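Working notes for the structure below.
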Amino acid sequence: MPQFTFPSPPPSPEAEVFRAEIRDFLATELKDRAPIDRAQSWNGLDPAFSRKLGQRGWLGLTWPTAYGGHARSNLERYVLLEELLGAGAPVGAHWIAERQSGPSLLRYGTEAQKRAILPRIAAGECFFCIGMSEPDSGSDLASVRTRAVREDGGWRVNGTKLWTTNATHCHFMILFCRTAPADREHRHAGTSQFVVDLTLPGITIRPVRNLVGEHHFNEVVFEDALLPEDALLGQEGEGWSQVTGELAYERSGPERFLSSFRLLVELVRALQPAADERAAIALGRLAAQLVTLRRMSRSVAGLLQAGADPALEAAMVKDLGALVEQAIPEIARDLIAEGPPTPQGRAFAEVLAYTTLHAPSFSLRGGTREILRGIIARGLGLR
Amino acid sequence: MSCPEDDAGVPLRETADRLLADLLTPQARARIAAGEWPDDLWSALAEAGLPAAILPEAAGGFGVPVADALSLLTVAGRHALPLPLADTMLAGLALARAGLPVPDGPLAVAEGADATLDAAGRATGRAWGVAWGRHARAVVVPAEGPDGPRLVALPRDALAIEPGTGIAGDPRDAVRFEAVAAPSAPAPFGAPALRAAGAATRALMMAGALGAVSAMTTAYAQERRQFGRALGQFQAVQQNLAVLAGQAASAAAAADLAAEAVDAWGPGLMPALAAAKVRTGEAAGQGAAIAHQVHGAIGFTQEHRLHLFTRRLWAWRDEFGREAEWALLLGRHLIAAGPDGLWPAITAA
Ligand SMILES: Cc1cc2nc3c(=O)[nH]c(=O)nc-3n(C[C@H](O)[C@H](O)[C@H](O)COP(=O)(O)OP(=O)(O)OC[C@H]3O[C@@H](n4cnc5c(N)ncnc54)[C@H](O)[C@@H]3O)c2cc1C
């Protein structure tokens, strides 16, 4: 039976030096950022902050310098990501572009695409969204119906994408759609990816409000939108293997277990100066999970650095990570009784409310719990 | 530790794996379960250099890094080894670090002790949670001496043994001693650090045992058929097996952290060792429960080998501190670090 292995992350003294530099920067940069804003974690959106990171050379850290990158290691990038999340920095504007769109372009893009777009992502000036899900295609991504038809001068696209996070703030979408009719025997065949300039005619973006009333995700409708020839990303018909190739990047990062971290910070604040035994034990149990997940996630960063394809390990990190992210609000509310309003108490209550309200999405976005466990089961040879 | 190229643990683990597969026949297990001390088996382990692998060269070891030597215990766990390899390694390491001679043969470290040394170096008190105490050549305990804490190697022959059995069926004794002359030296680390290293040995064995349990449960689900299909084809069973594999993998990651922390013994205690014992203990409970569920009634029999592993998982998660004990220490450590110190404290592991 295949065993999942999470090798020790290789030591990286440069990354630890870098960590100190990042902490200094964030301490100044975020000194006035309120707990409730920090609680947004990677949903927090601030293009100016993203540009600042770009100016410091902190986006596209691992990419080749020829494309605006900085040729540093995955382990240094890991430290940067976790420090940003640990501090509750507003990283949402560039997160997807830096995490998966850029790497996909690097892997599958043409020279012209890479030269045109990657330096702009690395500068913090160009943001991406993910156009995978549709109204009738969620977990069953291969069933997408949005269709691109080749014609003179390009591709004509019709269909509807849904749940597209940040589409209104983004310059481009990586669109996953059909380029050949669906084939029952080969469900994954006939799909392709495109780099779509969202300002093109025929593309309409409508906000979809989440249960809190916030606007993050959107519906993106394509009505005879004409994409230029060079919008195709990678090979026609290879959309499925390309899209699944992104998943190790999408699923293994520290954002997959740190979404609720701010609540843990506010919990520790609320428990000051002395906590009773029950609270200390509960906190210790949560921290033990975070420490272990961090180890596993850094291990995946090391595997990526070594050129491996740790898609299964990534699915495992995300499945276990969502469990702890969702446990944190449940346990925090159990430890702190609601009392008379104080400024400190208010910060805790706000962050608890925010985290409780967003927690259901943690095991949906990026692949649901059941789908991830199905992937792991396949890795075990059961499917 | 799992990095194949530059890992001194690989040949050791392979040797141990082959040896234990050969030695631990059902007959051998039956002899041990009946209370016999299998001198032949222990000698075979000793000849292969397993108990000594953790020692510095000066004390009879062969210069293997501590973390790599400790990784042997994942193999012990994978074979549900019913012999005190972990305790002998731990005792040897502690004695060697204290500059005391390491006796040949099986050794024990008491999980808890209440002991004092007089000015003449004679120890009085009691110790409990002593794995295989009745067979150990010496029992290592921390004791309070006239000039501060010392580490003591109590010779077995001078001890009054109160035999006991742990929930895995392995010997777990209590001992009493009265003015026993015993080698001792100033403790190179406090009693909590010794307990933490003990916890690390259990974390490593749990990781190994859970890996085995995950593999055997997955294999069983592929063989056993009901409703005309292998159990593993039912999605509910698949999802449970995926959870079991996730628990096994995180136990392995946590155990690696623990082994590295013992290498740095002392400051590395928090958060790594505490986190590792909590996480592996939780994983043991959740993993064992799924394994039994998937196995059905056959897994609840003495005849089936599942209990060799699950009973030890239940024993090891308690030994050298349950999850609650280590979670309390870790939680207090983090509360003391405060809201601004929380993140640096977590990234210290
Ligand atoms: C906050 C948020 C942001 C998102 N951002 C984006 C984005 O930017 N771009 C994008 O493309 N998508 C995005 N998504 C969509 C996300 O990828 C989908 O929600 C997800 O893939 C699940 O699809 P669905 O919601 O249609 O649920 P469904 O697929 O309908 O599933 C509903 C339930 O049924 C279960 N289920 C489905 N199939 C099976 C099966 N075979 N076996 C067992 N159980 C099954 C699921 O696990 C789930 O519990 C976002 C979602 C959220 C919540």
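Letters for chains follow the order of the structure tokens (A, B, ...), residue numbers begin at 1 for each chain, and ligand numbers begin at 1 in the order shown.
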Give the residue list for ligand 1 at 7 Å, counting only C-alpha atoms and all ligand atoms, as an NGL selection string, sorted by chain and then by residue number.
:A and (129-133 or 135-140 or 162-165 or 217 or 361 or 364-371)
Written selection (N, CA, C and O atoms) as a JSON list (two decimals), in the first residue's frame:
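Wrote again_15.json, looks like this:
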```json
[["chain", "number", "residue", "atom", "x", "y", "z"],
["A", 129, "CYS", "N", -8.05, 35.68, -11.03],
["A", 129, "CYS", "CA", -9.05, 34.87, -10.36],
["A", 129, "CYS", "C", -9.13, 33.50, -11.06],
["A", 129, "CYS", "O", -8.58, 33.30, -12.14],
["A", 130, "ILE", "N", -9.82, 32.59, -10.37],
["A", 130, "ILE", "CA", -9.90, 31.20, -10.84],
["A", 130, "ILE", "C", -11.27, 30.95, -11.44],
["A", 130, "ILE", "O", -12.28, 31.02, -10.73],
["A", 131, "GLY", "N", -11.33, 30.62, -12.71],
["A", 131, "GLY", "CA", -12.61, 30.35, -13.36],
["A", 131, "GLY", "C", -12.81, 28.86, -13.57],
["A", 131, "GLY", "O", -12.74, 28.35, -14.70],
["A", 132, "MET", "N", -13.06, 28.17, -12.48],
["A", 132, "MET", "CA", -13.31, 26.72, -12.60],
["A", 132, "MET", "C", -14.80, 26.43, -12.41],
["A", 132, "MET", "O", -15.45, 25.91, -13.29],
["A", 133, "SER", "N", -15.36, 26.72, -11.22],
["A", 133, "SER", "CA", -16.72, 26.29, -10.88],
["A", 133, "SER", "C", -17.77, 26.97, -11.75],
["A", 133, "SER", "O", -17.58, 28.09, -12.23],
["A", 135, "PRO", "N", -22.43, 27.00, -12.27],
["A", 135, "PRO", "CA", -23.66, 26.70, -11.52],
["A", 135, "PRO", "C", -23.92, 25.21, -11.39],
["A", 135, "PRO", "O", -24.35, 24.73, -10.34],
["A", 136, "ASP", "N", -23.65, 24.43, -12.44],
["A", 136, "ASP", "CA", -23.95, 23.00, -12.39],
["A", 136, "ASP", "C", -22.70, 22.13, -12.25],
["A", 136, "ASP", "O", -22.77, 20.92, -12.39],
["A", 137, "SER", "N", -21.57, 22.77, -12.02],
["A", 137, "SER", "CA", -20.32, 22.00, -11.91],
["A", 137, "SER", "C", -19.51, 22.53, -10.74],
["A", 137, "SER", "O", -18.85, 23.56, -10.84],
["A", 138, "GLY", "N", -19.58, 21.82, -9.63],
["A", 138, "GLY", "CA", -18.81, 22.19, -8.45],
["A", 138, "GLY", "C", -17.72, 21.17, -8.23],
["A", 138, "GLY", "O", -16.66, 21.22, -8.85],
["A", 139, "SER", "N", -18.02, 20.20, -7.41],
["A", 139, "SER", "CA", -17.05, 19.13, -7.17],
["A", 139, "SER", "C", -16.74, 18.38, -8.46],
["A", 139, "SER", "O", -15.61, 17.97, -8.70],
["A", 140, "ASP", "N", -17.77, 18.22, -9.28],
["A", 140, "ASP", "CA", -17.58, 17.50, -10.55],
["A", 140, "ASP", "C", -17.12, 18.47, -11.62],
["A", 140, "ASP", "O", -17.84, 18.82, -12.55],
["A", 162, "LEU", "N", -19.06, 30.57, -11.79],
["A", 162, "LEU", "CA", -19.68, 31.00, -10.53],
["A", 162, "LEU", "C", -18.67, 30.85, -9.39],
["A", 162, "LEU", "O", -17.74, 30.06, -9.49],
["A", 163, "TRP", "N", -18.90, 31.61, -8.34],
["A", 163, "TRP", "CA", -18.05, 31.60, -7.11],
["A", 163, "TRP", "C", -16.67, 32.16, -7.38],
["A", 163, "TRP", "O", -15.72, 31.84, -6.67],
["A", 164, "THR", "N", -16.54, 32.96, -8.44],
["A", 164, "THR", "CA", -15.22, 33.45, -8.83],
["A", 164, "THR", "C", -14.78, 34.54, -7.85],
["A", 164, "THR", "O", -15.23, 35.68, -7.93],
["A", 165, "THR", "N", -13.90, 34.16, -6.95],
["A", 165, "THR", "CA", -13.45, 35.08, -5.89],
["A", 165, "THR", "C", -12.70, 36.25, -6.50],
["A", 165, "THR", "O", -11.81, 36.06, -7.34],
["A", 217, "PHE", "N", -17.20, 36.72, -3.79],
["A", 217, "PHE", "CA", -17.31, 35.95, -5.03],
["A", 217, "PHE", "C", -18.35, 36.52, -5.99],
["A", 217, "PHE", "O", -19.13, 37.40, -5.66],
["A", 361, "SER", "N", -17.00, 27.82, 4.97],
["A", 361, "SER", "CA", -16.36, 27.82, 3.65],
["A", 361, "SER", "C", -15.01, 27.10, 3.66],
["A", 361, "SER", "O", -14.51, 26.71, 2.60],
["A", 364, "LEU", "N", -15.06, 23.86, 2.02],
["A", 364, "LEU", "CA", -15.69, 23.84, 0.68],
["A", 364, "LEU", "C", -14.72, 24.35, -0.38],
["A", 364, "LEU", "O", -14.46, 23.69, -1.38],
["A", 365, "ARG", "N", -14.23, 25.58, -0.15],
["A", 365, "ARG", "CA", -13.36, 26.21, -1.15],
["A", 365, "ARG", "C", -12.12, 25.36, -1.40],
["A", 365, "ARG", "O", -11.60, 24.74, -0.48],
["A", 366, "GLY", "N", -11.69, 25.35, -2.65],
["A", 366, "GLY", "CA", -10.46, 24.63, -2.98],
["A", 366, "GLY", "C", -10.60, 23.12, -2.95],
["A", 366, "GLY", "O", -9.62, 22.39, -2.92],
["A", 367, "GLY", "N", -11.85, 22.62, -3.00],
["A", 367, "GLY", "CA", -12.07, 21.17, -2.95],
["A", 367, "GLY", "C", -12.69, 20.81, -1.61],
["A", 367, "GLY", "O", -12.13, 21.12, -0.57],
["A", 368, "THR", "N", -13.86, 20.19, -1.63],
["A", 368, "THR", "CA", -14.57, 19.92, -0.37],
["A", 368, "THR", "C", -13.89, 18.79, 0.40],
["A", 368, "THR", "O", -13.11, 18.01, -0.16],
["A", 369, "ARG", "N", -14.23, 18.73, 1.67],
["A", 369, "ARG", "CA", -13.70, 17.66, 2.54],
["A", 369, "ARG", "C", -13.91, 16.29, 1.91],
["A", 369, "ARG", "O", -12.99, 15.47, 1.84],
["A", 370, "GLU", "N", -15.12, 16.04, 1.41],
["A", 370, "GLU", "CA", -15.42, 14.70, 0.87],
["A", 370, "GLU", "C", -14.59, 14.41, -0.37],
["A", 370, "GLU", "O", -14.13, 13.28, -0.58],
["A", 371, "ILE", "N", -14.41, 15.45, -1.20],
["A", 371, "ILE", "CA", -13.63, 15.26, -2.42],
["A", 371, "ILE", "C", -12.16, 15.01, -2.06],
["A", 371, "ILE", "O", -11.50, 14.12, -2.63]]
```
Give me, as number ranges by chain, the contact residues of chain B against chain A at a cut-off of 6 Å, counting only C-alpha atoms.
B: 1-3, 232, 238-239, 242, 254, 275, 279, 324, 327-328, 330-332, 335, 339
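Running DSSP on the backbone gives helix (DSSP H, G or I) for these residues within region 130-232 of chain A: Leu141, Ala142, Ser143, Ala167, Thr168, His169, Glu229, Asp230 and Ala231 of chain A.
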Pick from B:Trp314, B:Trp42, B:Trp128, B:Trp265 nearest to Ala288 (chain B), counting only C-alpha atoms
B:Trp314
Taking only region 107-355 of chain A into account, list the residues labelled strand (DSSP E or B) by DSSP (computed from the backbone), as a PyMOL selection string.
chain A and resi 128-131+134+137+147-151+154-162+172-178+191-197+203-209+215-228+232-233+238
Point-to-point distance from CA of Arg99 (chain A) to CA of Asn158 (chain A), Å rounded to tenths
27.3 Å
Of the listed residues B:Glu282, B:Glu319, B:Asp170, B:Asp22, that which approaches Gly35 (chain B) most closely, counting only C-alpha atoms
B:Asp170
Tell me which protein, DNA and RNA residues are within 12 Å of Ser104 (chain A), counting only C-alpha atoms, leaving out same-chain ones fewer than 6 positions away, and put them as a PyMOL selection string.
chain A and resi 63+96-98+110+113-114+117-118+128+130+174+193-195+233-234+239+241-250
Using only C-alpha atoms, which of A:Ile203, A:Ser259, A:Pro11, A:Thr179 sits nearest Leu84 (chain A)?
A:Ser259
